[in-house]
Amino acid sequence: MKSNRTTIIFFVIVGLAVCVVLAGLISQVLPKFTASLGGTPAATPLPQNAVAIEIHSSNTKELWLNEVVEDFNSRGFTTSGGRTIVVQAFHVTSGGSYNAIVAGEIQPTIWSPGSRIWLNKANQTWRDRTGRPLVANPESCPATIQVPLVIGMWRPMAEALGWPDKPIGWKDIAGLATNPEGWAAYGHPEWGRFKFGHAHPDFSNSAMLSVISEVYSAAGKTSGLTVEDIKSQAVRDNVGAVEQAIVHYGKWDKWILDKMVERGPEYLHATTTYENNVVDYNRQHANGLRFPLAAIYPRDGTFWVDNPVCILDADWVSDEQKEAAEKFRDFLVSREEQQKAVKWALRPADNSIALGEPIDLAHGAVLSMTPNNVPLLEEPGDEVVGYVSEMWHEVKKKTVCVVLLDRSGSMSGAKIKAAVEGVNLFIDKMNPDDQITVVAFNDQIAELQPAGRVGEVGESLRAQVSSLYAEDGTALYGAVIYAIERVEALRAEYGDERLYGIVLLSDGKNEMSGGPSKMDMLNRLPSGTEAAATKIFTIAYGDDADVELLQTIANRTNALSLTGTEKNITEIYLAISSYF
């Protein structure tokens, strides 16, 4: 009897231990997974009488910050009131977190965007709304790292331009982009025309800084950028030349890098990113890369992003949370934690810390490149940034998009209402010179009228979308084929000087017999081997959606598949707009 009792006690203890470990893992993983989808993080179990603080941080420093947070939480720091401090880290895009803060979707204690440009923008927006800044004293936001913005390019192509010995600048990139000979001008006709990509500057810090870098280069400056510079025809022409080589936009630079790595140099030649990403991708994908990547440091100047760490002066941050945040901020920039950044290929803000492997030539980085020999670009004020953003939207490569909206019977009620709001938001986010077509389908496929230039048809088209209601079955296969044929007709009209995409939302499976089969539809999908080919973004809306098929469609066309609900569908459409 005693033996049985001992055995039972043993298994109970083991079971409790397993539960504790699982709870800890779930508490760490689930909030970050949920946050990555744009949802509300699940509540994390905290030690009794603990004070929780959240840091929403630019994903550039994700791996290092995770290590610092784990180290901090393990040491049991407390407030003056004796409460244990627990830090939760959320890794975000700078523009995305800015939008979420000002929209009231997130309420971080600490915010660490990629650069101070976003901090200035947030402060101005907050003043306009509340009469006071979001961060009362920006000087109290210390730098955490010092990482250069670079052009990540396949190493043989970079070497053809003279890397690592010859300085290469944005004007060289613009010249390559506009040269009708393409890479043949550098002795490599087999590489064809230059294929460039970067993330969307409304969402991504690296992309916004890339566009500002292009403007500085075209204006021949490294500081003192003015509105008159941005409005000059020479600047517009130079920035436009680079942007016309774009074959890919995206919400963040790592998504573009993923596509480069997955599809190889025949798909994309270069993208703007940070030095540490070039190093990381060379390390993580060394065996799978066709060629290594190289970091090009623009000779006409670049940004050395410092990722400031700021405690917000917001109503939702209590005095005790502010005290706790100050302790974590000081810990984050301490020499001990700064030294750990190097192994993650990040240059510490503390310049006295020695650099070395993996920031080296073997991993695509040039250690000798510093602000002393690569001009440091001045971060412009919010007004100038606003004009740069406005100009970019005018000169960027324009889009041709077909939106496919399922309005079958299963979409009735709140589902169709939310989906309509999402489509109308998507139309609002498009450039006035983009071309838009909306196709609604149930057991019939109907193209809404009018279709055409967004600036001319947007208002009336939104009214047409708003009048939709749900009924009947789902002709999913036929609708996809119709959209592909519609895009092909538009490509024949506009040529390859535009980006082409389809956005498909469906909450069900194909229900039509006698029409196109699944294989008929799959065989009509655009090739995913060409970066300029039509991309089909899919939204699986609801529990009955054919998720596997929708993922297949997106994957084969090098696009994105997302899961939508009535609560997040507008955010889903907003996210997809960043890829156009």
# chains A, B, ... in the order shown; residues from 1 in each chain; ligands from 1

call {"tool": "residues_around", "arguments": {"residues": "A:Asn523", "least_positions_apart": "6", "cutoff": "12 Å", "atoms": "only C-alpha atoms", "output": "ChimeraX atom specification"}}
result
/A:477,480-481,484,516-517,553,556-557

call {"tool": "closest_atom_pairs", "arguments": {"of": "stretch 323-416 of chain A", "to": "stretch 139-155 of chain A", "cutoff": "10 Å", "atoms": "only C-alpha atoms", "output": "Markdown table"}}
result
| residue | atom | partner | partner_atom | distance |
| --- | --- | --- | --- | --- |
| A:Arg329 | CA | A:Pro142 | CA | 8.4 |
| A:Asp330 | CA | A:Pro142 | CA | 9.0 |
| A:Leu332 | CA | A:Thr144 | CA | 7.4 |
| A:Val333 | CA | A:Thr144 | CA | 5.9 |
| A:Ser334 | CA | A:Thr144 | CA | 9.4 |
| A:Glu337 | CA | A:Thr144 | CA | 9.9 |
| A:Gln338 | CA | A:Thr144 | CA | 7.7 |
| A:Ala341 | CA | A:Ile145 | CA | 8.0 |
| A:Val342 | CA | A:Ile145 | CA | 9.8 |
| A:Ala345 | CA | A:Val147 | CA | 9.1 |
| A:Leu346 | CA | A:Val147 | CA | 6.3 |
| A:Arg347 | CA | A:Gln146 | CA | 5.3 |
| A:Pro348 | CA | A:Ile145 | CA | 4.4 |
| A:Ala349 | CA | A:Ile145 | CA | 4.2 |
| A:Asp350 | CA | A:Ile145 | CA | 7.7 |
| A:Asn351 | CA | A:Gln146 | CA | 8.8 |
| A:Gly364 | CA | A:Arg155 | CA | 7.8 |
| A:Ala365 | CA | A:Val150 | CA | 9.7 |
| A:Met369 | CA | A:Pro148 | CA | 9.1 |
| A:Thr370 | CA | A:Pro148 | CA | 8.4 |
| A:Pro371 | CA | A:Pro148 | CA | 8.7 |
| A:Val374 | CA | A:Pro148 | CA | 9.4 |
| A:Leu376 | CA | A:Pro148 | CA | 9.2 |

call {"tool": "residues_around", "arguments": {"residues": "stretch 386-399 of chain A", "least_positions_apart": "3", "cutoff": "8 Å", "atoms": "only C-alpha atoms", "output": "short mmCIF file (atom, residue, chain, number, x, y, z; two decimals) with N, CA and C atoms, in the first residue's frame"}}
result
data_model
loop_
_atom_site.label_atom_id
_atom_site.label_comp_id
_atom_site.auth_asym_id
_atom_site.auth_seq_id
_atom_site.Cartn_x
_atom_site.Cartn_y
_atom_site.Cartn_z
N PRO A 201 6.88 51.29 -47.52
CA PRO A 201 7.32 52.30 -46.54
C PRO A 201 6.24 52.76 -45.57
N ASP A 202 4.98 52.48 -45.84
CA ASP A 202 3.94 52.83 -44.87
C ASP A 202 3.93 51.87 -43.68
N MET A 208 10.91 52.69 -45.56
CA MET A 208 10.84 54.15 -45.48
C MET A 208 12.23 54.77 -45.56
N VAL A 211 13.61 54.68 -49.19
CA VAL A 211 13.09 55.72 -50.07
C VAL A 211 13.73 57.07 -49.72
N ILE A 212 13.88 57.36 -48.43
CA ILE A 212 14.53 58.61 -48.03
C ILE A 212 15.98 58.62 -48.51
N VAL A 215 16.08 59.60 -52.06
CA VAL A 215 15.86 61.04 -52.21
C VAL A 215 17.15 61.80 -51.89
N VAL A 227 11.70 70.28 -48.47
CA VAL A 227 10.51 69.98 -49.27
C VAL A 227 10.77 70.31 -50.73
N ILE A 230 12.48 67.48 -52.48
CA ILE A 230 11.58 66.36 -52.76
C ILE A 230 10.70 66.65 -53.97
N LYS A 231 10.31 67.92 -54.12
CA LYS A 231 9.42 68.28 -55.22
C LYS A 231 10.14 68.47 -56.55
N ARG A 236 12.41 63.37 -58.31
CA ARG A 236 11.28 62.50 -58.66
C ARG A 236 11.69 61.50 -59.75
N VAL A 239 14.19 58.79 -58.16
CA VAL A 239 13.49 57.86 -57.28
C VAL A 239 12.56 56.98 -58.12
N GLY A 240 11.88 57.59 -59.07
CA GLY A 240 10.99 56.83 -59.94
C GLY A 240 11.74 55.76 -60.72
N GLU A 243 12.32 52.86 -58.40
CA GLU A 243 11.06 52.21 -58.06
C GLU A 243 10.47 51.44 -59.24
N GLN A 244 10.78 51.84 -60.47
CA GLN A 244 10.26 51.12 -61.62
C GLN A 244 10.93 49.76 -61.80
N ILE A 246 11.17 47.78 -59.33
CA ILE A 246 10.55 46.96 -58.28
C ILE A 246 9.68 45.88 -58.91
N ASP A 382 9.34 65.22 -39.33
CA ASP A 382 8.10 64.58 -39.73
C ASP A 382 7.50 65.18 -40.99
N GLU A 383 7.61 66.50 -41.17
CA GLU A 383 7.06 67.14 -42.36
C GLU A 383 7.74 66.64 -43.62
N ASN A 431 -3.55 53.40 -54.69
CA ASN A 431 -3.15 54.66 -55.30
C ASN A 431 -4.19 55.08 -56.33
N ASP A 433 -3.90 56.10 -59.19
CA ASP A 433 -3.55 55.65 -60.55
C ASP A 433 -3.53 54.13 -60.69
N ASP A 434 -3.79 53.40 -59.61
CA ASP A 434 -3.92 51.94 -59.71
C ASP A 434 -5.21 51.59 -60.44
N GLN A 435 -5.22 50.38 -61.03
CA GLN A 435 -6.42 49.88 -61.70
C GLN A 435 -7.08 48.83 -60.81
N GLU A 497 4.93 47.15 -67.01
CA GLU A 497 5.33 48.29 -66.20
C GLU A 497 4.47 48.45 -64.96
N ARG A 498 3.69 47.43 -64.65
CA ARG A 498 2.84 47.47 -63.46
C ARG A 498 2.99 46.17 -62.67
N LEU A 499 2.53 46.21 -61.40
CA LEU A 499 2.43 45.01 -60.59
C LEU A 499 1.02 44.45 -60.74
N TYR A 500 0.90 43.13 -60.80
CA TYR A 500 -0.39 42.50 -61.03
C TYR A 500 -0.72 41.56 -59.88
N GLY A 501 -1.96 41.67 -59.38
CA GLY A 501 -2.35 40.82 -58.26
C GLY A 501 -3.84 40.55 -58.22
N PHE A 580 1.23 45.74 -52.45
CA PHE A 580 0.95 46.34 -53.75
C PHE A 580 1.56 47.74 -53.85
#

call {"tool": "closest_residue", "arguments": {"among": "A:Arg132, A:Ser578, A:Phe203, A:Met411", "to": "A:Ala100", "atoms": "only C-alpha atoms"}}
result
A:Phe203

call {"tool": "atom_distance", "arguments": {"atom1": "atom CA of A:Gly264", "atom2": "atom CA of A:Thr529"}}
result
9.2 Å

call {"tool": "select_by_dssp", "arguments": {"residues": "stretch 159-349 of chain A", "states": "strand (DSSP E or B)", "output": "ChimeraX atom specification"}}
result
/A:196-197,246-248,270-274,293-296,302,304-305,310-311,348

call {"tool": "atom_distance", "arguments": {"atom1": "atom CA of A:Phe77", "atom2": "atom CA of A:Val51"}}
result
10.4 Å

call {"tool": "residues_around", "arguments": {"residues": "stretch 459-473 of chain A", "least_positions_apart": "5", "cutoff": "10 Å", "atoms": "only C-alpha atoms", "output": "mmCIF file with C-alpha atoms, in the first residue's frame"}}
result
data_model
loop_
_atom_site.group_PDB
_atom_site.id
_atom_site.type_symbol
_atom_site.label_atom_id
_atom_site.label_comp_id
_atom_site.auth_asym_id
_atom_site.auth_seq_id
_atom_site.Cartn_x
_atom_site.Cartn_y
_atom_site.Cartn_z
ATOM 1 C CA LEU A 405 -15.327 38.433 -53.112
ATOM 2 C CA ASP A 406 -17.348 35.353 -52.174
ATOM 3 C CA ARG A 407 -21.000 36.312 -51.583
ATOM 4 C CA SER A 408 -22.477 32.813 -51.365
ATOM 5 C CA GLY A 409 -25.226 32.004 -48.852
ATOM 6 C CA SER A 410 -22.799 31.048 -46.104
ATOM 7 C CA MET A 411 -21.494 34.642 -46.093
ATOM 8 C CA SER A 412 -24.787 36.030 -44.764
ATOM 9 C CA GLY A 413 -25.128 38.341 -41.784
ATOM 10 C CA LYS A 415 -19.647 37.962 -42.383
ATOM 11 C CA ILE A 416 -20.651 39.741 -45.595
ATOM 12 C CA LYS A 417 -20.915 43.082 -43.767
ATOM 13 C CA ALA A 419 -16.001 41.552 -45.727
ATOM 14 C CA VAL A 420 -17.533 44.513 -47.568
ATOM 15 C CA GLU A 421 -15.920 46.915 -45.083
ATOM 16 C CA VAL A 423 -12.829 45.444 -49.482
ATOM 17 C CA ASN A 424 -13.769 49.129 -49.292
ATOM 18 C CA LEU A 425 -10.803 49.795 -46.984
ATOM 19 C CA ILE A 427 -9.852 50.263 -52.307
ATOM 20 C CA ASP A 428 -9.221 53.322 -50.097
ATOM 21 C CA ILE A 436 -9.110 48.043 -59.725
ATOM 22 C CA THR A 437 -11.697 45.430 -60.685
ATOM 23 C CA VAL A 438 -14.064 43.802 -58.186
ATOM 24 C CA VAL A 439 -15.683 40.468 -58.994
ATOM 25 C CA ALA A 440 -18.425 39.093 -56.716
ATOM 26 C CA PHE A 441 -19.261 35.419 -56.996
ATOM 27 C CA ASN A 442 -21.710 32.851 -55.660
ATOM 28 C CA ASP A 443 -22.993 30.290 -58.149
ATOM 29 C CA GLN A 444 -22.673 33.128 -60.692
ATOM 30 C CA LEU A 448 -19.039 44.969 -60.572
ATOM 31 C CA GLN A 449 -19.162 48.200 -62.498
ATOM 32 C CA PRO A 450 -17.429 50.467 -62.895
ATOM 33 C CA ALA A 451 -13.877 49.102 -63.065
ATOM 34 C CA GLY A 452 -10.825 51.169 -63.903
ATOM 35 C CA VAL A 454 -9.140 54.047 -58.640
ATOM 36 C CA GLY A 508 -16.333 27.849 -48.371
ATOM 37 C CA LYS A 509 -15.517 25.210 -50.927
ATOM 38 C CA ASN A 510 -16.388 24.947 -54.605
ATOM 39 C CA GLU A 511 -20.019 23.764 -54.853
ATOM 40 C CA MET A 512 -20.537 23.869 -58.594
#

call {"tool": "residues_around", "arguments": {"residues": "A:Val366", "least_positions_apart": "5", "cutoff": "10 Å", "atoms": "only C-alpha atoms", "output": "number ranges by chain"}}
result
A: 163-165, 275, 294-297, 359-361

call {"tool": "write_last_selection", "arguments": {"atoms": "C-alpha atoms", "output": "short mmCIF file (atom, residue, chain, number, x, y, z; two decimals), in the first residue's frame"}}
result
data_model
loop_
_atom_site.label_atom_id
_atom_site.label_comp_id
_atom_site.auth_asym_id
_atom_site.auth_seq_id
_atom_site.Cartn_x
_atom_site.Cartn_y
_atom_site.Cartn_z
CA TRP A 163 31.85 44.86 -54.30
CA PRO A 164 33.52 44.79 -51.77
CA ASP A 165 36.31 47.15 -52.90
CA GLU A 275 23.29 44.23 -42.34
CA ALA A 294 26.38 40.48 -49.91
CA ALA A 295 25.70 43.72 -48.03
CA ILE A 296 26.18 46.84 -50.15
CA TYR A 297 26.70 50.02 -48.12
CA ILE A 359 29.99 40.42 -38.81
CA ASP A 360 32.62 39.63 -41.43
CA LEU A 361 33.22 39.17 -45.14
#

call {"tool": "select_by_dssp", "arguments": {"residues": "stretch 354-474 of chain A", "states": "alpha helix (DSSP H)", "output": "number ranges by chain"}}
result
A: 382-395, 414-429, 454-466

call {"tool": "closest_residue", "arguments": {"among": "A:Thr534, A:Thr130, A:Asn123, A:Asn287", "to": "A:Arg491", "atoms": "only C-alpha atoms"}}
result
A:Thr534

call {"tool": "closest_residue", "arguments": {"among": "A:Pro156, A:Ala174, A:Gly114, A:Ala219", "to": "A:Ala207", "atoms": "only C-alpha atoms"}}
result
A:Gly114

call {"tool": "residues_around", "arguments": {"residues": "A:Lys322", "least_positions_apart": "4", "cutoff": "8 Å", "atoms": "only C-alpha atoms", "output": "list in words"}}
result
Thr109, Ile311, Val317, Ser318 and Glu326 of chain A

call {"tool": "write_last_selection", "arguments": {"atoms": "N, CA and C atoms", "output": "mmCIF file, in the first residue's frame"}}
result
data_model
loop_
_atom_site.group_PDB
_atom_site.id
_atom_site.type_symbol
_atom_site.label_atom_id
_atom_site.label_comp_id
_atom_site.auth_asym_id
_atom_site.auth_seq_id
_atom_site.Cartn_x
_atom_site.Cartn_y
_atom_site.Cartn_z
ATOM 1 N N THR A 109 4.059 49.495 -22.826
ATOM 2 C CA THR A 109 4.735 50.314 -21.816
ATOM 3 C C THR A 109 5.978 50.945 -22.440
ATOM 4 N N ILE A 311 10.052 54.841 -23.057
ATOM 5 C CA ILE A 311 8.946 54.589 -22.134
ATOM 6 C C ILE A 311 7.847 55.597 -22.463
ATOM 7 N N VAL A 317 0.020 53.804 -18.871
ATOM 8 C CA VAL A 317 1.266 53.424 -18.187
ATOM 9 C C VAL A 317 1.243 54.006 -16.780
ATOM 10 N N SER A 318 1.182 53.125 -15.781
ATOM 11 C CA SER A 318 1.132 53.585 -14.390
ATOM 12 C C SER A 318 2.526 54.003 -13.920
ATOM 13 N N GLU A 326 11.882 51.588 -16.524
ATOM 14 C CA GLU A 326 13.193 52.231 -16.415
ATOM 15 C C GLU A 326 14.269 51.211 -16.049
#

call {"tool": "atom_distance", "arguments": {"atom1": "atom CA of A:Ser97", "atom2": "atom CA of A:Glu262"}}
result
27.5 Å

call {"tool": "closest_residue", "arguments": {"among": "A:Gln88, A:Asn558, A:Ser352, A:Ser80", "to": "A:Tyr249", "atoms": "only C-alpha atoms"}}
result
A:Asn558
